[in-house]
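Worksheet for the structure shown next.
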Amino acid sequence: MADVWRRALLLGTLGMVGVSGVPPLSHAASKVERVVSPGGIEAYLVREPSIPFLSLALHFKGGSAVDPASKEGLAYMVSGLLDEGAGDLDSQAFHTELEDRAIRLSFEATRDAFAGQLKTLTGERERAFELLRLALSEPRFDAEPVERIRHQIQAELRRRAEDPDYVVSRAWFETAFPDHPYGRPVEGTAESVAKITTDDLRQFVRNRLAKDNLVIGVAGDITAAELGPLLDRAFGDLPATSAPVDVAQAKPDAAGATGIVRKDLPQSRVLFGEEGLARHDPDFYAGYVANYILGGGGFGSRLTEEVREKRGLAYSVYSYLYPMDHAPLWIGGLGTGNATVSESIRLVRDEIARMAAGDIGAAALADAKTYLTGSFPLRLTSNDQIASMLVSMQVDDLGIDYLERRNDYIEAVTLDDVRRAAKRLYHPDQLLTVVVGDPQGLQG
Amino acid sequence: MNPHRPKLTAACLGVALALTTGAGNPAQSAVFNPETFTLDNGMQVVVVTNRRAPVVSHHVWYKIGSADSPLGKSGLPHFLEHLMFKGTEHLAPGEFSRIVARNGGNENAFTGPDYTGYFQTIAKDRLELVMRMEADRMANLKLDEQEVRHERSVVLEERSQRVDNDPGARLSEQLTATQYYHHPYRIPVIGWRHEMASYTREDALNFYRTWYAPNNAVLIVAGDIDAAELRPLAEKYYGAIPARPVPARVRVQEPPQEAPREVVLSDPRVQQPYWIRSYLAPSLAAGATEHAYALEVLAEIFGATSTSRLYRSLVIDQKLATSAGGYYRGSSLDLATFRIYASPRPGVTLDQLEAAIDAELERLKQEPITAKEVERATKRLVAEATYAQDSLSTAVRSFGVALATGRTVEDVEAWPERIAAVTAAQVEAAAAHVFRPETSVTGRLLPARELTAATSPLPAAPPESLTGDREIGAEQDPNG
């Protein structure tokens, strides 16, 4: 059996080096529709009638980076309050309706955006879109839920202060962006959250939730003709224009520095990063491939191979591109025992130097391409995933046919491209590194 | 976001999600409509057809988990799970993963108290490749001494990351070990550190040779495939592996608990105190199983949502807590637990919080759950099942868990109708059966040396239970 086995494996392996073996892109690719409601609200739609529900993702440009000074955490707090009472419904009445109709509605804030998700069974969708309208256009901000959510956020901040991953990430961003809103925590601080008033909340809604900075993606059991009027229902009451997003372009500060937050922990958490590539940079896809080779691919990525597989120094070690609107970054991280922090950081730097020096072979590029193209359809197998992809396509201005073209972008990356992108991305001497824990023999 | 609130589904994940998906006939009460067959060597096979995309999710689950750890080798099943990627007679260490990636697939593995699972999600035309490799490592694992040593370091770092770095996870570990005095559910999935340090290559191979046999495994495939297509492949690859005797799972049973227990974890790192209580409870497969479905409904009403009794009373009305809730996971081979948790607002002590929760438990007797409450909850639970069809992995998980914990495919299919049939009287009886102080363990998480004081509000959710998932860290991917 061994020989048959070997041959079959070889076939399986080699078959993917060429493009011919790549599976067809998801059925979703050819079916993205641009829907414009009678009232002029636009959305991308992928219809999927096989299961009687739909997922809607919505995105308003402008997130915690535009929180007023000393009111950090405002966007985050609003995200916790939009479903806490709206229109004639107080908090309990609103939640009771959502629960009894099995409607899921939630909001979130990031540095660059205020986003939301709605999920509803087909039979409840009229009411679901009405509840969404209420949440966006008539939030009540009653005293009880405002105080309750404020307490919850402050408790969450205390809990996260115990979480080394949160601490290291927060310290990294504070160090990298000392004079830029990206350096402030999305969730705010106990003090800033205490200062946020109902007027602040209302002003956020008025300034930030408008038609001109809104992007919508829908996937599920609905036609374009059915969706149009529902878009008007949910979003028609929003003001036409939002306040401008006034955030400066920035580069991470403290290049080459190593910071230590001393804590008595059995394992140190390490975060490292530097300037990355913007989403629209011509080298973005080449950089995406380079990151896969360095630390984006789990097993088989160089960081995992060197730090985990060969030496057993860490359970997790990774890197990713993080192209924020006003400061593209790439970031990586690992967790290792306090005695092995220095060794692990040295290994990371060595691998980064190797990437920067162009030590990337044709086989590594081919492997990266077959994974990145072959696995793309796996990211589009659920309505939730598709709705959120439809939002990204619009936010990043990728074009309505992006799903069909995306793998071509990856395939087009040449060895020269990936080496050039790696040289632009990776500078071992410019890495900002932050460690939380009790690392031995490491100078901060 | 909503770190702020118990999510609608938080408490019913194990059930509602342990329940649906299927070939697109959601109106039916039997949601998955799987096809099943058994290979000649005894390996069970479940197929769930879902043709939305040319993709399949291919799983092999072994009916063996951390509760089956050999004495003195706690967590060994999880360690073996890691080592299963370290090569066979035909594949070098790590080659399995590289081949899956090169073929555009995602893969991983996980360990629970009752099962260990391996999966790949991949284009349908690559299914045969991963079946060949998965069958290979069922029979031909080959371990190099140095690989074993490195991987032992990796799981020790995994323990540091998941448990030792996190006071809440450490409390949860102590709580579970205290709830199960005798039964091996007391063992953490990841293992106790001093025993993990003693793992050897021979320990892993002995465990592998004892338990990894086709007659102790389940093959589950969901996606663009049906049984007629799968059967020849299953026979060719898994069917070629001979059955061999597998010992019975020896699980000592928990003696009756006669006194309430308490664990207090005090740590200078803690800034937000936390209170949790665990009650020993029947599962869907063990103990007074007639209460299991009613307990799922009870958890939904009592503690799963923003309109639950606990949340309304403690968080909204009395303003004692920033979060409060309860949950029940009935899908275990042996006795389960029902857990209640809360996190205090500043200035509220854990004693005050506990008194308020005890008052709510008392109110359950004075003002039992009503028929209307039950109707709301069961309707919602059954409706939520539709959403579960959105993901390929949900059906697989439901069947994997059921078949590894003493239940059947039919039990899974009947879940909505059994939930819908629960009555208020049954919920009342289930609450009376489970909420007995003498079967409880109360856990407190406190800052150092303040064993009675407390300060403020809570973690939005109970500490995650450890799954031992081998996930390799964040692979964030905002674009691409």
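Going by the structure tokens order, chains are called A, B, ..., each with residues numbered from 1, while ligands are numbered from 1 in the order shown.
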* To do: For Arg170 of chain A, work out the shell of residues within 7 Å, counting only C-alpha atoms and skipping chain neighbours fewer than 4 positions away, then give it as a VMD selection string.
  => chain A and resid 166 174 185
Residues from the last selection, C-alpha atoms, saved as a compact mmCIF listing (two decimals), in the first residue's frame:
# COMPACT_ATOMS: atom_id res chain seq x y z
CA TYR A 166 -5.07 43.35 26.20
CA GLU A 174 0.06 53.94 23.25
CA PRO A 185 -7.96 52.72 23.80
Contacts of segment 120-223 of chain B with segment 334-343 of chain A up to 9 Å, shortest pair per row, only C-alpha atoms, as JSON lines:
{"residue": "B:Glu157", "atom": "CA", "partner": "A:Thr336", "partner_atom": "CA", "distance": 6.4}
{"residue": "B:Glu158", "atom": "CA", "partner": "A:Gly335", "partner_atom": "CA", "distance": 8.8}
{"residue": "B:Ser160", "atom": "CA", "partner": "A:Gly337", "partner_atom": "CA", "distance": 8.1}
{"residue": "B:Gln161", "atom": "CA", "partner": "A:Gly335", "partner_atom": "CA", "distance": 7.0}
Could you take the residues named above and write them with N, CA and C atoms, as a PDB file, in the first residue's frame?
ATOM      1  N   GLU B 157       3.542  25.719  27.306  1.00  0.00           N
ATOM      2  CA  GLU B 157       3.282  27.128  26.999  1.00  0.00           C
ATOM      3  C   GLU B 157       1.790  27.367  26.760  1.00  0.00           C
ATOM      4  N   GLU B 158       1.139  26.382  26.160  1.00  0.00           N
ATOM      5  CA  GLU B 158      -0.305  26.507  25.941  1.00  0.00           C
ATOM      6  C   GLU B 158      -1.027  26.610  27.284  1.00  0.00           C
ATOM      7  N   SER B 160       0.282  27.754  30.079  1.00  0.00           N
ATOM      8  CA  SER B 160       0.578  29.087  30.623  1.00  0.00           C
ATOM      9  C   SER B 160      -0.360  30.124  30.028  1.00  0.00           C
ATOM     10  N   GLN B 161      -0.532  30.035  28.696  1.00  0.00           N
ATOM     11  CA  GLN B 161      -1.328  31.030  27.993  1.00  0.00           C
ATOM     12  C   GLN B 161      -2.801  30.936  28.357  1.00  0.00           C
TER      13      GLN B 161
END
* To do: Using only C-alpha atoms, find the one residue out of A:Thr304, A:Leu321, A:Glu156, A:Ser192 that sits nearest to Tyr274 of chain B.
  =>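 Of all the options, A:Glu156 lies closest to Tyr274 of chain B.
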* Would you mind writing down, as JSON, numbers by chain, each residue of segment 134-318 of chain A that DSSP on the backbone assigns to alpha helix (DSSP H)? => {"A": [134, 135, 136, 137, 143, 144, 145, 146, 147, 148, 149, 150, 151, 152, 153, 154, 155, 156, 157, 158, 159, 160, 164, 165, 166, 167, 168, 169, 170, 171, 172, 173, 174, 175, 176, 190, 191, 192, 193, 194, 195, 198, 199, 200, 201, 202, 203, 204, 205, 206, 207, 208, 224, 225, 226, 227, 228, 229, 230, 231, 232, 233, 234, 235, 284, 285, 286, 287, 288, 289, 290, 291, 302, 303]}
* Fewer than 2 positions away in the same chain doesn't count, so skip those; otherwise give me all residues within 8 Å of segment 169-184 of chain B, counting only C-alpha atoms, as a VMD selection string. => chain B and resid 67 to 68 162 to 164 166 to 167 186 to 188 251 to 255 261 263 to 265 278 to 280 440 to 445 463 to 465
* Show which residues sit within 6 Å of Leu271 of chain A, as a PyMOL selection string. Count only C-alpha atoms, and ignore same-chain residues fewer than 3 positions away. => chain A and resi 332-333+433-434
* **Given only C-alpha atoms as the counted atoms, nearest of A:Gly228, A:Pro244, A:Pro282, A:Pro49 to chain B** =>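 Among the listed residues, A:Pro49 lies closest to chain B.
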* To do: Using only C-alpha atoms, find the one residue out of B:Val55, B:Ala432, B:Leu127, B:Leu156 that sits nearest to Asp224 of chain B.
  =>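 Selected residue with least distance to Asp224 of chain B: B:Val55.
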* Using DSSP on the backbone coordinates, identify all residues within segment 27-100 of chain B classified as strand (DSSP E); present the result as a list in words. => Glu35, Thr36, Phe37, Thr38, Gln44, Val45, Val46, Val47, Val48, Thr49, Val55, Val56, Ser57, His58, His59, Val60, Trp61 and Tyr62 of chain B
Output C-alpha atoms of each residue in that selection to a file, as a tab-separated table (two decimals), in the first residue's frame.
chain	number	residue	atom	x	y	z
B	35	GLU	CA	-27.48	9.88	6.12
B	36	THR	CA	-25.68	7.29	8.22
B	37	PHE	CA	-23.96	3.98	7.73
B	38	THR	CA	-21.37	1.84	9.48
B	44	GLN	CA	-19.69	5.02	12.22
B	45	VAL	CA	-20.28	7.44	9.35
B	46	VAL	CA	-22.59	10.48	9.24
B	47	VAL	CA	-23.11	12.56	6.10
B	48	VAL	CA	-24.87	15.91	6.02
B	49	THR	CA	-25.46	17.21	2.52
B	55	VAL	CA	-16.63	22.63	-0.14
B	56	VAL	CA	-16.64	19.85	2.44
B	57	SER	CA	-15.85	19.73	6.13
B	58	HIS	CA	-14.29	16.37	6.95
B	59	HIS	CA	-14.05	15.27	10.60
B	60	VAL	CA	-12.87	12.21	12.47
B	61	TRP	CA	-13.84	12.08	16.13
B	62	TYR	CA	-12.44	9.55	18.59
